[in-house]
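model-v1.cif, holding mmCIF, C-alpha atoms and all ligand atoms:
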data_start
loop_
_atom_site.group_PDB
_atom_site.id
_atom_site.type_symbol
_atom_site.label_atom_id
_atom_site.label_comp_id
_atom_site.auth_asym_id
_atom_site.auth_seq_id
_atom_site.Cartn_x
_atom_site.Cartn_y
_atom_site.Cartn_z
ATOM 1 C CA MET A 17 0.000 0.000 0.000
ATOM 2 C CA SER A 18 1.390 3.382 -1.015
ATOM 3 C CA LEU A 19 1.220 6.285 1.419
ATOM 4 C CA LEU A 20 -0.257 8.450 -1.335
ATOM 5 C CA GLU A 21 -1.841 7.265 -4.542
ATOM 6 C CA VAL A 22 -3.141 9.651 -7.164
ATOM 7 C CA ARG A 23 -5.286 8.212 -9.916
ATOM 8 C CA ASN A 24 -6.280 9.977 -13.119
ATOM 9 C CA LEU A 25 -6.456 13.368 -11.403
ATOM 10 C CA HIS A 26 -7.984 16.250 -13.343
ATOM 11 C CA ALA A 27 -8.155 19.820 -12.068
ATOM 12 C CA GLY A 28 -8.000 23.413 -13.213
ATOM 13 C CA TYR A 29 -9.326 26.898 -12.700
ATOM 14 C CA GLY A 30 -12.888 27.491 -13.928
ATOM 15 C CA ASP A 31 -13.056 26.356 -17.540
ATOM 16 C CA ALA A 32 -9.290 26.145 -17.884
ATOM 17 C CA GLU A 33 -8.219 22.570 -17.295
ATOM 18 C CA VAL A 34 -4.611 22.358 -16.107
ATOM 19 C CA LEU A 35 -4.154 18.729 -15.003
ATOM 20 C CA PHE A 36 -5.163 16.090 -17.524
ATOM 21 C CA GLY A 37 -5.131 12.768 -15.690
ATOM 22 C CA ILE A 38 -2.191 12.589 -13.287
ATOM 23 C CA ASP A 39 -1.206 9.182 -11.903
ATOM 24 C CA LEU A 40 1.458 8.920 -9.247
ATOM 25 C CA THR A 41 2.380 7.159 -6.049
ATOM 26 C CA VAL A 42 4.460 8.115 -3.040
ATOM 27 C CA GLU A 43 5.755 5.462 -0.655
ATOM 28 C CA ARG A 44 6.383 6.114 3.023
ATOM 29 C CA GLY A 45 9.843 7.561 3.668
ATOM 30 C CA GLU A 46 10.494 8.469 0.025
ATOM 31 C CA VAL A 47 11.535 11.774 -1.461
ATOM 32 C CA VAL A 48 9.575 12.191 -4.686
ATOM 33 C CA ALA A 49 10.316 15.116 -6.982
ATOM 34 C CA ILE A 50 7.843 16.602 -9.425
ATOM 35 C CA VAL A 51 9.721 18.596 -11.996
ATOM 36 C CA GLY A 52 8.879 20.418 -15.185
ATOM 37 C CA SER A 53 8.988 23.844 -16.706
ATOM 38 C CA ASN A 54 7.143 26.979 -15.785
ATOM 39 C CA GLY A 55 3.386 26.583 -16.154
ATOM 40 C CA ALA A 56 3.463 22.777 -16.495
ATOM 41 C CA GLY A 57 0.957 22.394 -13.655
ATOM 42 C CA LYS A 58 3.205 21.389 -10.746
ATOM 43 C CA THR A 59 1.878 23.967 -8.310
ATOM 44 C CA THR A 60 -1.680 23.190 -9.376
ATOM 45 C CA LEU A 61 -0.998 19.544 -8.596
ATOM 46 C CA LEU A 62 0.192 20.391 -5.071
ATOM 47 C CA ARG A 63 -2.718 22.775 -4.565
ATOM 48 C CA THR A 64 -5.091 20.008 -5.591
ATOM 49 C CA LEU A 65 -3.441 17.488 -3.282
ATOM 50 C CA SER A 66 -3.707 19.952 -0.411
ATOM 51 C CA GLY A 67 -7.356 20.775 -1.121
ATOM 52 C CA ILE A 68 -6.984 24.380 -2.295
ATOM 53 C CA VAL A 69 -8.036 23.413 -5.819
ATOM 54 C CA THR A 70 -10.910 20.929 -6.112
ATOM 55 C CA PRO A 71 -10.332 18.070 -8.538
ATOM 56 C CA THR A 72 -12.812 17.706 -11.383
ATOM 57 C CA ALA A 73 -12.124 13.978 -11.796
ATOM 58 C CA GLY A 74 -9.914 11.239 -10.427
ATOM 59 C CA GLN A 75 -9.053 9.995 -6.982
ATOM 60 C CA VAL A 76 -6.586 10.690 -4.211
ATOM 61 C CA LEU A 77 -5.966 7.875 -1.756
ATOM 62 C CA PHE A 78 -4.013 8.541 1.416
ATOM 63 C CA ILE A 79 -3.087 5.471 3.447
ATOM 64 C CA ASN A 80 -5.752 3.733 1.389
ATOM 65 C CA ARG A 81 -8.458 6.217 2.420
ATOM 66 C CA ASP A 82 -10.258 8.235 -0.220
ATOM 67 C CA VAL A 83 -9.471 11.886 0.540
ATOM 68 C CA THR A 84 -10.458 13.279 -2.866
ATOM 69 C CA GLY A 85 -11.849 16.802 -2.659
ATOM 70 C CA LEU A 86 -11.486 17.196 1.121
ATOM 71 C CA GLN A 87 -11.093 20.749 2.430
ATOM 72 C CA PRO A 88 -7.520 21.910 3.179
ATOM 73 C CA HIS A 89 -7.960 21.881 6.976
ATOM 74 C CA LEU A 90 -9.245 18.293 6.886
ATOM 75 C CA LEU A 91 -6.285 17.214 4.787
ATOM 76 C CA VAL A 92 -3.963 18.873 7.312
ATOM 77 C CA GLU A 93 -5.677 16.809 10.007
ATOM 78 C CA GLU A 94 -4.877 13.734 7.910
ATOM 79 C CA GLY A 95 -1.224 14.787 7.901
ATOM 80 C CA ILE A 96 -1.028 16.139 4.339
ATOM 81 C CA VAL A 97 0.886 19.397 4.715
ATOM 82 C CA MET A 98 2.116 21.820 2.065
ATOM 83 C CA VAL A 99 4.922 24.342 2.357
ATOM 84 C CA PRO A 100 3.762 26.930 -0.184
ATOM 85 C CA GLU A 101 5.806 28.690 -2.829
ATOM 86 C CA GLY A 102 6.929 32.106 -1.600
ATOM 87 C CA ARG A 103 7.097 30.891 2.027
ATOM 88 C CA ARG A 104 4.029 32.856 3.205
ATOM 89 C CA LEU A 105 5.379 33.655 6.668
ATOM 90 C CA PHE A 106 3.922 36.264 8.986
ATOM 91 C CA PRO A 107 6.777 38.775 8.583
ATOM 92 C CA ARG A 108 5.845 40.882 11.620
ATOM 93 C CA LEU A 109 5.614 37.937 13.973
ATOM 94 C CA SER A 110 8.559 36.238 15.639
ATOM 95 C CA VAL A 111 10.028 33.015 14.335
ATOM 96 C CA ARG A 112 8.614 31.181 17.356
ATOM 97 C CA ARG A 113 5.111 32.592 16.817
ATOM 98 C CA ASN A 114 5.244 31.585 13.142
ATOM 99 C CA LEU A 115 6.007 28.037 14.221
ATOM 100 C CA GLU A 116 3.353 27.988 16.938
ATOM 101 C CA ILE A 117 0.639 29.195 14.577
ATOM 102 C CA ALA A 118 1.431 26.347 12.188
ATOM 103 C CA ALA A 119 0.425 23.888 14.906
ATOM 104 C CA TYR A 120 -3.236 24.941 14.858
ATOM 105 C CA SER A 121 -4.630 21.543 13.890
ATOM 106 C CA LYS A 122 -5.951 18.997 16.371
ATOM 107 C CA ARG A 123 -3.239 16.565 15.346
ATOM 108 C CA ALA A 124 -0.428 19.125 15.816
ATOM 109 C CA ARG A 125 -1.456 21.138 18.893
ATOM 110 C CA PRO A 126 -0.778 18.515 21.576
ATOM 111 C CA LYS A 127 2.642 17.860 20.060
ATOM 112 C CA LEU A 128 3.766 21.475 19.787
ATOM 113 C CA ALA A 129 6.461 21.349 22.490
ATOM 114 C CA GLU A 130 7.910 18.157 21.025
ATOM 115 C CA SER A 131 7.783 19.541 17.480
ATOM 116 C CA LEU A 132 9.543 22.747 18.519
ATOM 117 C CA ARG A 133 12.254 20.720 20.195
ATOM 118 C CA ASP A 134 12.706 18.573 17.064
ATOM 119 C CA VAL A 135 12.723 21.587 14.754
ATOM 120 C CA HIS A 136 15.294 23.381 16.932
ATOM 121 C CA GLU A 137 17.466 20.297 16.873
ATOM 122 C CA LEU A 138 17.249 20.134 13.078
ATOM 123 C CA PHE A 139 17.740 23.879 12.560
ATOM 124 C CA PRO A 140 19.608 25.369 15.555
ATOM 125 C CA ILE A 141 19.602 28.774 13.837
ATOM 126 C CA LEU A 142 15.831 28.938 14.330
ATOM 127 C CA LYS A 143 16.273 28.479 18.056
ATOM 128 C CA GLU A 144 18.846 31.272 18.106
ATOM 129 C CA ARG A 145 16.484 33.498 16.128
ATOM 130 C CA SER A 146 13.308 32.522 18.005
ATOM 131 C CA ASP A 147 12.458 36.080 19.043
ATOM 132 C CA GLN A 148 13.473 37.740 15.779
ATOM 133 C CA LEU A 149 10.722 38.956 13.443
ATOM 134 C CA ALA A 150 10.480 36.461 10.587
ATOM 135 C CA GLY A 151 10.500 39.206 7.965
ATOM 136 C CA THR A 152 13.979 40.334 9.039
ATOM 137 C CA LEU A 153 15.650 36.975 8.332
ATOM 138 C CA SER A 154 17.591 36.237 5.132
ATOM 139 C CA GLY A 155 15.727 34.513 2.300
ATOM 140 C CA GLY A 156 17.349 31.156 3.063
ATOM 141 C CA GLN A 157 16.533 31.404 6.755
ATOM 142 C CA GLN A 158 12.950 32.351 5.951
ATOM 143 C CA GLN A 159 12.727 29.258 3.792
ATOM 144 C CA MET A 160 13.930 27.222 6.764
ATOM 145 C CA VAL A 161 11.179 28.748 8.898
ATOM 146 C CA ALA A 162 8.695 27.768 6.179
ATOM 147 C CA LEU A 163 9.969 24.172 6.231
ATOM 148 C CA ALA A 164 9.919 24.197 10.034
ATOM 149 C CA ARG A 165 6.324 25.451 9.986
ATOM 150 C CA GLY A 166 5.479 22.458 7.829
ATOM 151 C CA LEU A 167 7.056 20.177 10.417
ATOM 152 C CA THR A 168 5.253 21.737 13.374
ATOM 153 C CA SER A 169 2.004 20.863 11.568
ATOM 154 C CA ASN A 170 3.005 17.266 12.375
ATOM 155 C CA PRO A 171 2.838 15.910 8.814
ATOM 156 C CA GLU A 172 2.780 12.374 7.514
ATOM 157 C CA ILE A 173 3.770 13.805 4.163
ATOM 158 C CA LEU A 174 5.425 17.163 3.560
ATOM 159 C CA MET A 175 4.818 18.686 0.138
ATOM 160 C CA VAL A 176 7.214 21.507 -0.647
ATOM 161 C CA ASP A 177 6.613 23.943 -3.489
ATOM 162 C CA GLU A 178 9.592 25.620 -5.210
ATOM 163 C CA VAL A 179 11.832 25.697 -2.183
ATOM 164 C CA SER A 180 14.765 27.217 -4.052
ATOM 165 C CA LEU A 181 12.879 29.930 -5.900
ATOM 166 C CA GLY A 182 14.543 33.342 -5.631
ATOM 167 C CA LEU A 183 17.447 32.119 -3.508
ATOM 168 C CA ALA A 184 21.128 32.645 -4.283
ATOM 169 C CA PRO A 185 22.955 29.390 -5.175
ATOM 170 C CA VAL A 186 24.706 29.188 -1.791
ATOM 171 C CA MET A 187 21.341 29.498 -0.028
ATOM 172 C CA VAL A 188 19.850 26.835 -2.300
ATOM 173 C CA SER A 189 22.539 24.405 -1.087
ATOM 174 C CA ARG A 190 21.770 25.232 2.542
ATOM 175 C CA VAL A 191 18.058 24.776 2.058
ATOM 176 C CA TYR A 192 18.714 21.430 0.360
ATOM 177 C CA ASP A 193 20.896 20.413 3.305
ATOM 178 C CA ALA A 194 17.866 21.196 5.476
ATOM 179 C CA ILE A 195 15.662 19.007 3.285
ATOM 180 C CA ARG A 196 18.188 16.169 3.540
ATOM 181 C CA ALA A 197 18.114 16.540 7.315
ATOM 182 C CA ILE A 198 14.310 16.337 7.276
ATOM 183 C CA ARG A 199 14.455 13.288 5.001
ATOM 184 C CA ASP A 200 16.885 11.616 7.404
ATOM 185 C CA THR A 201 14.247 11.780 10.146
ATOM 186 C CA GLY A 202 12.192 9.415 7.956
ATOM 187 C CA MET A 203 9.762 12.066 6.708
ATOM 188 C CA THR A 204 8.029 11.462 3.379
ATOM 189 C CA ILE A 205 8.634 14.448 1.105
ATOM 190 C CA VAL A 206 7.188 15.590 -2.212
ATOM 191 C CA LEU A 207 9.289 18.290 -3.827
ATOM 192 C CA VAL A 208 7.975 20.446 -6.627
ATOM 193 C CA GLU A 209 10.858 22.142 -8.359
ATOM 194 C CA GLN A 210 11.996 24.107 -11.355
ATOM 195 C CA ASN A 211 15.540 23.534 -10.089
ATOM 196 C CA VAL A 212 15.590 20.122 -11.739
ATOM 197 C CA ASN A 213 19.212 19.360 -10.992
ATOM 198 C CA GLN A 214 18.913 19.823 -7.230
ATOM 199 C CA ALA A 215 15.580 18.039 -7.047
ATOM 200 C CA LEU A 216 16.775 14.983 -8.977
ATOM 201 C CA SER A 217 19.926 14.801 -6.857
ATOM 202 C CA ILE A 218 17.929 14.264 -3.689
ATOM 203 C CA ALA A 219 14.905 12.389 -5.062
ATOM 204 C CA ASP A 220 14.442 8.653 -4.711
ATOM 205 C CA ARG A 221 11.972 8.899 -7.583
ATOM 206 C CA ALA A 222 10.728 11.676 -9.786
ATOM 207 C CA TYR A 223 8.001 12.554 -12.249
ATOM 208 C CA VAL A 224 8.311 15.000 -15.128
ATOM 209 C CA VAL A 225 5.154 17.035 -15.762
ATOM 210 C CA GLN A 226 4.502 18.689 -19.105
ATOM 211 C CA HIS A 227 1.291 20.481 -20.022
ATOM 212 C CA GLY A 228 -0.561 18.893 -17.104
ATOM 213 C CA ARG A 229 0.502 15.335 -17.868
ATOM 214 C CA ILE A 230 3.220 13.073 -16.530
ATOM 215 C CA VAL A 231 5.528 12.369 -19.435
ATOM 216 C CA LEU A 232 8.379 10.583 -17.677
ATOM 217 C CA ALA A 233 8.947 8.800 -14.388
ATOM 218 C CA GLY A 234 11.911 7.038 -12.844
ATOM 219 C CA THR A 235 14.466 7.168 -10.091
ATOM 220 C CA GLY A 236 16.196 10.492 -9.541
ATOM 221 C CA LYS A 237 19.371 8.968 -10.915
ATOM 222 C CA GLU A 238 17.678 7.583 -14.040
ATOM 223 C CA LEU A 239 16.047 10.894 -14.877
ATOM 224 C CA LYS A 240 19.240 12.827 -14.250
ATOM 225 C CA SER A 241 20.991 10.789 -16.910
ATOM 226 C CA ASN A 242 17.983 10.710 -19.252
ATOM 227 C CA GLU A 243 18.835 12.500 -22.467
ATOM 228 C CA GLU A 244 15.414 14.115 -22.879
ATOM 229 C CA VAL A 245 15.566 15.494 -19.338
ATOM 230 C CA ARG A 246 19.125 16.681 -19.796
ATOM 231 C CA ASN A 247 18.283 18.498 -23.011
ATOM 232 C CA ALA A 248 14.993 19.961 -21.831
ATOM 233 C CA TYR A 249 15.875 20.998 -18.279
ATOM 234 C CA LEU A 250 19.421 20.419 -17.129
ATOM 235 C CA GLY A 251 21.158 22.153 -20.033
ATOM 236 C CA LEU A 252 19.070 25.262 -19.531
ATOM 237 C CA GLU A 253 19.782 25.335 -15.822
ATOM 238 C CA LYS A 254 23.486 25.048 -16.418
ATOM 239 C CA LEU A 255 23.249 27.957 -18.825
ATOM 240 C CA GLU A 256 21.327 29.994 -16.256
ATOM 241 C CA GLU A 257 23.923 29.249 -13.592
ATOM 242 C CA GLU A 258 26.711 30.248 -15.938
ATOM 243 C CA THR A 259 25.081 33.585 -16.723
ATOM 244 C CA LEU A 260 24.548 34.418 -13.051
HETATM 245 P P1 LIG B 301 5.301 27.573 -11.905
HETATM 246 O O1 LIG B 301 6.573 26.927 -11.547
HETATM 247 O O2 LIG B 301 5.435 28.759 -12.764
HETATM 248 O O3 LIG B 301 4.399 27.791 -10.713
HETATM 249 P P2 LIG B 301 3.790 25.271 -12.478
HETATM 250 O O4 LIG B 301 4.259 24.075 -13.209
HETATM 251 O O5 LIG B 301 3.712 25.160 -11.003
HETATM 252 O O6 LIG B 301 4.631 26.519 -12.856
HETATM 253 P P3 LIG B 301 1.076 26.111 -12.348
HETATM 254 O O7 LIG B 301 1.390 27.268 -11.466
HETATM 255 O O8 LIG B 301 0.404 24.944 -11.767
HETATM 256 O O9 LIG B 301 2.383 25.613 -13.083
HETATM 257 O O10 LIG B 301 0.248 26.669 -13.567
HETATM 258 C C1 LIG B 301 -0.300 25.822 -14.561
HETATM 259 C C2 LIG B 301 -1.249 26.614 -15.433
HETATM 260 O O11 LIG B 301 -2.336 27.063 -14.655
HETATM 261 C C3 LIG B 301 -0.622 27.850 -16.054
HETATM 262 O O12 LIG B 301 -1.077 27.950 -17.365
HETATM 263 C C4 LIG B 301 -1.159 28.988 -15.221
HETATM 264 O O13 LIG B 301 -1.301 30.155 -15.987
HETATM 265 C C5 LIG B 301 -2.511 28.467 -14.780
HETATM 266 N N1 LIG B 301 -2.891 28.998 -13.467
HETATM 267 C C6 LIG B 301 -2.172 28.915 -12.329
HETATM 268 N N2 LIG B 301 -2.824 29.480 -11.290
HETATM 269 C C7 LIG B 301 -3.991 29.942 -11.788
HETATM 270 C C8 LIG B 301 -5.136 30.616 -11.234
HETATM 271 N N3 LIG B 301 -5.190 30.926 -9.927
HETATM 272 N N4 LIG B 301 -6.160 30.938 -12.071
HETATM 273 C C9 LIG B 301 -6.113 30.595 -13.376
HETATM 274 N N5 LIG B 301 -5.085 29.942 -13.972
HETATM 275 C C10 LIG B 301 -4.036 29.621 -13.203
#
This structure in structure tokens:
Amino acid sequence: MSLLEVRNLHAGYGDAEVLFGIDLTVERGEVVAIVGSNGAGKTTLLRTLSGIVTPTAGQVLFINRDVTGLQPHLLVEEGIVMVPEGRRLFPRLSVRRNLEIAAYSKRARPKLAESLRDVHELFPILKERSDQLAGTLSGGQQQMVALARGLTSNPEILMVDEVSLGLAPVMVSRVYDAIRAIRDTGMTIVLVEQNVNQALSIADRAYVVQHGRIVLAGTGKELKSNEEVRNAYLGLEKLEEETL
């Protein structure tokens, strides 16, 4: 039994269909990357899995339970937690308060003290900066707060959208170190990324999304050496890095 199983998922915005029958599985303890270019539908997929966008067809099974179309707060209670693109912190609240607020659900509240302890162990900088206003941290540190907020929601599966977006390369490496540390606790992680190289380096398995469809799937290693992937995504990234 997979932790998450998505079958023939369709979704979109009004009349504009964006996802055209997505099938994927995530096993417990895996890091699964969903990669693809701008506008391919990756964020829409995460929004649908976290209940922000309602699917028009298909099924989402979580630990073999049908959770298709559940409201976001109910999915959070199930342990399906998304770290949104752009971090969405409360900039005028302290780091600690940002973390506490993330533990609003019934499943997370009783475990808040334990979660804070775990998060501080994983990211000691967040303990040091507990009283600092979140908006005054560097971009990389803010991204760590966003990941930590995900963890204080006590997830079974952590879905992370565009974690490296807008960060300098050195910060991207630090944030990926943080994701490795989270993975090493046994957490199941779904990573949506335009930074294909980084995502495939950490992923056990990955899916390539194009125009709302999965066009390739394999282990991170397989896709990294796949010629189509290299030509379509990795070459471009290298070029972008070189022009930085
Ligand atoms: P990006 O990395 O740029 O976020 P993506 O692969 O995550 O790309 P989506 O953000 O899911 O792609 O967008 C897929 C399509 O859905 C795009 O054509 C986009 O214009 C459209 N779209 C996204 N959000 C909305 C919205 N709120 N209303 C209408 N259309 C939207």
Close residues to ligand LIG 301 (chain B) using all atoms listed in the file, limit 7 Å, as a PDB file with C-alpha atoms, in the coordinates of the input:
ATOM      1  CA  GLY A  28      -8.000  23.413 -13.213  1.00  0.00           C
ATOM      2  CA  TYR A  29      -9.326  26.898 -12.700  1.00  0.00           C
ATOM      3  CA  ALA A  32      -9.290  26.145 -17.884  1.00  0.00           C
ATOM      4  CA  VAL A  34      -4.611  22.358 -16.107  1.00  0.00           C
ATOM      5  CA  GLY A  52       8.879  20.418 -15.185  1.00  0.00           C
ATOM      6  CA  SER A  53       8.988  23.844 -16.706  1.00  0.00           C
ATOM      7  CA  ASN A  54       7.143  26.979 -15.785  1.00  0.00           C
ATOM      8  CA  GLY A  55       3.386  26.583 -16.154  1.00  0.00           C
ATOM      9  CA  ALA A  56       3.463  22.777 -16.495  1.00  0.00           C
ATOM     10  CA  GLY A  57       0.957  22.394 -13.655  1.00  0.00           C
ATOM     11  CA  LYS A  58       3.205  21.389 -10.746  1.00  0.00           C
ATOM     12  CA  THR A  59       1.878  23.967  -8.310  1.00  0.00           C
ATOM     13  CA  THR A  60      -1.680  23.190  -9.376  1.00  0.00           C
ATOM     14  CA  LEU A  61      -0.998  19.544  -8.596  1.00  0.00           C
ATOM     15  CA  GLN A 210      11.996  24.107 -11.355  1.00  0.00           C
TER      16      GLN A 210
END
Problem set entry | Residue contacts of segment 63-78 of chain A (7 Å, all atoms listed in the file) excluding same-chain residues fewer than 3 positions away, as a list in words |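 Residues meeting the cut-off are Leu19, Leu20, Glu21, Val22, Arg23, Asn24, Leu25, His26, Ala27, Thr59, Thr60, Arg81, Asp82, Val83, Thr84, Gly85, Leu86, Gln87, Pro88, Leu91, Ile96, Val97 and Met98 of chain A.
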For this session: Place a sphere of radius 8 Å on (8.0, 35.0, 13.3) in the file coordinates and name every protein, DNA or RNA residue with an atom inside or on its surface, counting all atoms listed in the file; give the answer as a list in words.
Result: Leu105, Phe106, Pro107, Arg108, Leu109, Ser110, Val111, Arg112, Arg113, Asn114, Leu115, Ser146, Asp147, Gln148, Leu149, Ala150 and Gly151 of chain A
For this session: Enumerate, as a PyMOL selection string, the protein, DNA and RNA residues whose atoms approach (13.3, 5.4, 7.1) to within 9 Å, taking into account only C-alpha atoms and the coordinate frame of the file.
Result: chain A and resi 44-46+199-204
For this session: Could you check how far atom CA of Glu33 of chain A sits from atom CA of Leu232 of chain A, in Å to one decimal?
Result: 20.5 Å
For this session: Translate the PyMOL selection byres (((chain A and resi 122) around 10) and not hetatm), as applied to the file shown, into an explicit residue set as a list in words.
Result: Val92, Glu93, Ala119, Tyr120, Ser121, Arg123, Ala124, Arg125, Pro126, Lys127, Ser169 and Asn170 of chain A
Output file for the residues above (C-alpha atoms, as a PDB file, in the frame of the given file):
ATOM      1  CA  VAL A  92      -3.963  18.873   7.312  1.00  0.00           C
ATOM      2  CA  GLU A  93      -5.677  16.809  10.007  1.00  0.00           C
ATOM      3  CA  ALA A 119       0.425  23.888  14.906  1.00  0.00           C
ATOM      4  CA  TYR A 120      -3.236  24.941  14.858  1.00  0.00           C
ATOM      5  CA  SER A 121      -4.630  21.543  13.890  1.00  0.00           C
ATOM      6  CA  ARG A 123      -3.239  16.565  15.346  1.00  0.00           C
ATOM      7  CA  ALA A 124      -0.428  19.125  15.816  1.00  0.00           C
ATOM      8  CA  ARG A 125      -1.456  21.138  18.893  1.00  0.00           C
ATOM      9  CA  PRO A 126      -0.778  18.515  21.576  1.00  0.00           C
ATOM     10  CA  LYS A 127       2.642  17.860  20.060  1.00  0.00           C
ATOM     11  CA  SER A 169       2.004  20.863  11.568  1.00  0.00           C
ATOM     12  CA  ASN A 170       3.005  17.266  12.375  1.00  0.00           C
TER      13      ASN A 170
END
Seminar exercise, completed: Residue with the minimum atom-to-atom distance to Asp193 of chain A, picked from A:Gly37, A:Ile173, A:Leu138, A:His227 with only C-alpha atoms counted, is A:Leu138
Where is the centre and how long are the edges: axis-aligned box on segment 219-227 of chain A, 5 Å on each side, Å to one decimal, as AutoDock Vina command-line options:
--center_x 8.1 --center_y 14.6 --center_z -12.4 --size_x 23.6 --size_y 21.8 --size_z 25.3
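The residue that comes closest to Ala118 of chain A, out of A:Leu216, A:Val135, A:Ala164, A:Met187 and on the basis of all atoms listed in the file, is A:Ala164.
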Problem set entry | Counting all atoms listed in the file, the residue of A:Val208, A:Ala162, A:Leu239, A:Val42 that sits nearest Asp177 of chain A |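 Counting all atoms listed in the file, the residue closest to Asp177 of chain A is A:Val208.
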Exercise. Expanded to explicit residues, what is the PyMOL selection byres (((chain A and resi 155) around 9) and not hetatm) for this file, as a PyMOL selection string?
Worked result: chain A and resi 153-154+156-160+182-184+187
Problem set entry | Nearest to Leu40 of chain A by atom-to-atom distance, counting all atoms listed in the file, from A:Asn213, A:Ser131, A:Ala222, A:Arg145 |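 Checking each of A:Asn213, A:Ser131, A:Ala222, A:Arg145 against Leu40 of chain A, counting all atoms listed in the file, the winner is A:Ala222.
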For this session: Starting from the displayed file, determine the output of the PyMOL selection byres (((chain A and resi 243-247) around 12) and not hetatm) and express the residue list as a VMD selection string.
Result: chain A and resid 51 to 53 212 to 213 216 222 to 226 231 to 234 236 to 242 248 to 255
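Put simply, atom CA of Ala194 of chain A is 17.6 Å away from atom CA of Glu172 of chain A.
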Exercise. For the atom pair atom CA of Leu174 of chain A and atom CA of Thr41 of chain A, what is the interatomic distance in Å to one decimal place?
Worked result: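 A separation of 14.2 Å between them.
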Exercise. Of the residues A:Ile79, A:Leu207, A:Ala197, A:Val47, which is the one nearest to Glu137 of chain A, using only C-alpha atoms?
Worked result: A:Ala197
